[in-house]
Structure formats: structure tokens, C-alpha cells
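Next comes run_34.cif, with mmCIF, C-alpha atoms.
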data_my_file
loop_
_atom_site.label_atom_id
_atom_site.label_comp_id
_atom_site.auth_asym_id
_atom_site.auth_seq_id
_atom_site.Cartn_x
_atom_site.Cartn_y
_atom_site.Cartn_z
CA MET Q 723 66.49 71.41 154.14
CA LYS Q 724 64.78 74.67 153.19
CA LYS Q 725 68.16 76.20 152.31
CA LYS Q 726 68.94 73.34 149.90
CA TRP Q 727 65.63 73.90 148.08
CA MET Q 728 66.34 77.61 147.81
CA ILE Q 729 69.77 76.91 146.35
CA LEU Q 730 68.30 74.40 143.89
CA PHE Q 731 65.54 76.83 142.94
CA SER Q 732 68.11 79.62 142.43
CA ILE Q 733 70.20 77.37 140.19
CA VAL Q 734 67.19 76.37 138.07
CA VAL Q 735 66.05 80.00 137.70
CA SER Q 736 69.59 81.12 136.85
CA VAL Q 737 69.94 78.44 134.16
CA PHE Q 738 66.58 79.44 132.69
CA ILE Q 739 67.57 83.12 132.62
CA VAL Q 740 70.92 82.33 130.95
CA TRP Q 741 69.15 80.07 128.44
CA ASN Q 742 66.75 82.90 127.55
CA ILE Q 743 69.58 85.41 127.14
CA ILE Q 744 71.57 83.06 124.89
CA TRP Q 745 68.47 82.31 122.79
CA TYR Q 746 67.68 86.01 122.42
CA LEU Q 747 71.25 86.84 121.37
CA LEU Q 748 71.36 84.01 118.82
CA ILE Q 749 68.01 85.02 117.31
CA SER Q 750 69.01 88.69 117.21
CA HIS Q 751 72.38 87.89 115.62
CA THR Q 752 70.79 85.69 112.94
CA TYR Q 753 67.51 87.45 112.12
CA ASN Q 754 67.94 91.18 112.84
CA PRO Q 755 70.25 91.74 109.83
CA LEU Q 756 67.74 89.89 107.63
CA VAL Q 757 64.75 92.02 108.61
CA LYS Q 758 66.35 95.43 109.20
CA GLU Q 759 65.21 96.76 105.79
CA MET Q 760 61.76 95.19 105.95
CA PRO Q 761 58.74 97.06 107.30
CA LYS Q 762 56.26 95.37 109.60
CA ASP Q 763 52.69 94.99 108.40
CA ASN Q 764 49.53 95.56 110.47
CA PHE Q 765 50.02 92.19 112.15
CA GLY Q 766 53.62 92.85 113.19
CA GLU Q 767 55.05 90.56 110.52
CA TYR Q 768 57.96 91.52 108.29
CA TYR Q 769 56.47 91.82 104.81
CA ILE Q 770 57.08 93.78 101.63
CA GLU Q 771 55.81 93.60 98.04
CA ASN Q 772 57.98 94.76 95.16
CA ASP Q 773 57.78 94.29 91.37
CA GLY Q 774 55.32 91.38 91.50
CA TYR Q 775 57.07 89.55 94.34
CA SER Q 776 56.37 89.38 98.06
CA TYR Q 777 59.05 88.96 100.70
CA TYR Q 778 58.14 87.65 104.12
CA ALA Q 779 60.28 86.95 107.16
CA THR Q 780 59.33 85.24 110.39
CA LYS Q 781 61.57 85.17 113.43
CA PRO Q 782 61.44 81.99 115.53
CA ASP Q 783 58.82 81.76 118.23
CA TYR Q 784 59.90 81.98 121.86
CA LEU Q 785 62.66 79.45 122.62
CA SER Q 786 62.34 77.94 119.14
CA SER Q 787 65.13 77.99 116.59
CA THR Q 788 63.03 77.83 113.43
CA GLY Q 789 62.07 80.97 111.55
CA ASN Q 790 61.93 81.42 107.81
CA LEU Q 791 62.27 83.72 104.84
CA VAL Q 792 59.89 83.44 101.89
CA VAL Q 793 59.92 85.04 98.46
CA THR Q 794 56.78 84.50 96.39
CA ARG Q 795 55.94 85.38 92.82
CA LEU Q 796 52.49 86.90 93.22
CA GLU Q 797 51.33 85.94 89.72
CA THR Q 798 51.82 82.19 90.28
CA ASP Q 799 52.01 81.83 94.10
CA ASN Q 800 55.17 79.75 93.68
CA CYS Q 801 57.75 80.45 96.36
CA ILE Q 802 61.15 79.67 97.79
CA ILE Q 803 61.35 79.12 101.54
CA ILE Q 804 64.62 79.56 103.40
CA TRP Q 805 65.30 78.37 106.94
CA PRO Q 806 68.41 80.08 108.31
CA SER Q 807 70.09 78.28 111.17
CA ILE Q 808 70.92 80.10 114.37
CA TYR Q 809 73.70 77.56 114.93
CA GLY Q 810 76.05 78.65 112.16
CA ASN Q 811 75.98 79.00 108.40
CA LYS Q 812 73.77 76.00 107.67
CA VAL Q 813 70.73 77.01 105.61
CA GLU Q 814 67.89 74.79 104.42
CA TYR Q 815 65.71 75.49 101.40
CA GLY Q 816 62.31 74.49 100.16
CA ALA Q 817 59.98 75.30 97.29
CA MET Q 818 56.21 75.48 97.20
CA ILE Q 819 55.04 75.02 93.64
CA LYS Q 820 51.46 75.29 92.50
CA VAL Q 821 50.47 72.37 90.31
CA GLY Q 822 46.85 72.56 89.28
CA ASN Q 823 44.82 73.36 92.37
CA THR Q 824 47.36 72.04 94.86
CA GLY Q 825 50.72 73.16 96.12
CA ILE Q 826 53.61 70.75 96.27
CA GLY Q 827 56.28 71.29 98.90
CA ILE Q 828 59.74 70.09 97.97
CA THR Q 829 62.88 70.30 100.07
CA ILE Q 830 65.71 71.49 97.83
CA ASP Q 831 69.35 72.45 98.05
CA GLU Q 832 70.70 75.90 97.17
CA ASN Q 833 71.10 74.79 93.53
CA LEU Q 834 67.39 73.87 93.31
CA ASN Q 835 68.03 70.13 93.32
CA PRO Q 836 65.45 68.08 95.25
CA ILE Q 837 66.88 66.57 98.43
CA ASN Q 838 65.10 63.27 97.86
CA ASP Q 839 65.46 61.40 94.59
CA SER Q 840 61.77 61.40 93.69
CA GLU Q 841 61.12 61.50 89.95
CA GLU Q 842 57.92 63.46 90.59
CA ASP Q 843 59.79 66.14 92.57
CA SER Q 844 62.52 66.35 89.94
CA LYS Q 845 59.92 66.80 87.19
CA VAL Q 846 58.07 69.55 89.11
CA ILE Q 847 61.37 71.35 89.73
CA ASP Q 848 62.44 70.98 86.08
CA ASP Q 849 59.06 72.24 84.82
CA ASN Q 850 59.42 75.37 86.98
CA LYS Q 851 63.22 75.76 86.90
CA LYS Q 852 63.36 79.23 85.35
CA GLU Q 853 60.89 80.71 87.84
CA LEU Q 854 62.59 79.01 90.78
CA GLU Q 855 65.96 80.39 89.64
CA GLU Q 856 64.42 83.88 89.56
CA LEU Q 857 62.95 83.39 93.04
CA MET Q 858 66.26 82.15 94.44
CA ALA Q 859 68.10 85.09 92.87
CA LYS Q 860 65.56 87.53 94.37
CA ALA Q 861 65.94 85.89 97.79
CA LYS Q 862 69.74 86.10 97.64
CA VAL Q 863 69.62 89.79 96.75
CA MET Q 864 66.92 90.68 99.31
CA TRP Q 865 68.61 88.94 102.23
CA ASP Q 866 72.23 89.15 101.04
CA LEU Q 867 72.65 85.38 101.02
CA GLN Q 868 75.83 83.85 99.60
#
Entire entry expressed as C-alpha cells:
Amino acid sequence: MKKKWMILFSIVVSVFIVWNIIWYLLISHTYNPLVKEMPKDNFGEYYIENDGYSYYATKPDYLSSTGNLVVTRLETDNCIIIWPSIYGNKVEYGAMIKVGNTGIGITIDENLNPINDSEEDSKVIDDNKKELEELMAKAKVMWDLQ
């Protein structure tokens, strides 16, 4: 009976080790090319400011698959958020747009169209279209996105 438990324990530990190795390789393959040119700040985060814009990258937390890239226009605090997928070429986008004293988060596609068909979201995007186009262009250049 003790031998069966040892075998089961060995299998569970082996699966966990393999899972960790695969996760690490996927994260490294996806995020290392994105942050290789970015310095780390005092908190160990990838961050750089350039020409009135800030660029920020966060790798996924341990055993998570969600990290992000953010480009912000410092003058307005509006930003584009990009969530690269570790499972292929799928990328999700969002925008945080300051309207008055609040920020509105809107999930968008790569062409800056809101994912949902809300008239309010469409209006906020349209009102800030030029700046969002600049932010998206900056993000594509910084992280070599297609």
C-alpha cells in the first residue's frame, strides 16, 4: 500500500513539475521578446517614458496566463491596454479613456471598434479616435505588433 502512495505522489509531483516548465516556456516565449528593450524600474516592473508617453509591461503572475502591455499618453492619462495570449497569436485590446473625473474602460478590437455595441462606448471612442490611433500606433511600434 505504501508503494502505491509513493507512485501516486511521484506522478502528481512529476505532473506539477512538467506543468511549471511548460508554463515558464510559454511565458518566456511570449513576453521576453516584448520586454527585452525595456528597463525595469525600482519595483522590478518593465517601464519606460518617452516623448510624453509611458510604456508598461507586466508578465503574468505565477501559473497565470494574463499579463499586459500598456501605452499611456501622460498629458491625458488615456491608454491602450494589450493582452497578448500565450496560446497563439490571439491578442485582446482595451482602452481606458478619461471622461471628466472618471476613467471608462472599453474592450476594443485592433481597429479601435468597441467589442460591444454600446452607443456610449462608440461615442467615447469616436470623441477620442485620433488620440487612440496614436496610442495604438505607438504600441505597435514599441512592441513590434502586426
Report task. Fewer than 5 positions away in the same chain doesn't count, so skip those; otherwise give me all residues within 12 Å of Q:Ser776, counting only C-alpha atoms, as a PyMOL selection string. Result -> chain Q and resi 760+768-771+791-803+857+860-861+864
Report task. Take the PyMOL selection byres ((chain Q and resi 806-823) around 9), apply it to the structure above, and return the hits as a ChimeraX atom specification. Result -> /Q:748-749,751-753,787-791,798-805,824-832,834,836,846-847,850,854
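Atom pair atom CA of Q:Ile743 / atom CA of Q:Thr780 has a distance of 19.6 Å (rounded to one decimal).
Coordinates place atom CA of Q:Pro755 at a distance of 14.1 Å from atom CA of Q:Gln868.
Taking atom CA of Q:Lys851 and atom CA of Q:Glu767 as endpoints, the distance between them is 29.0 Å.
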Requested in this report: Using all atoms listed in the file, find the one residue out of Q:Asn835, Q:Leu785, Q:Ala859, Q:Met728 that sits nearest to Q:Trp741.
Outcome: Q:Leu785
**Report entry** Near-Q:Tyr784 list (10 Å; only C-alpha atoms; drop same-chain fewer than 6 positions) as a PyMOL selection string
**Finding:** chain Q and resi 742+745-746+749
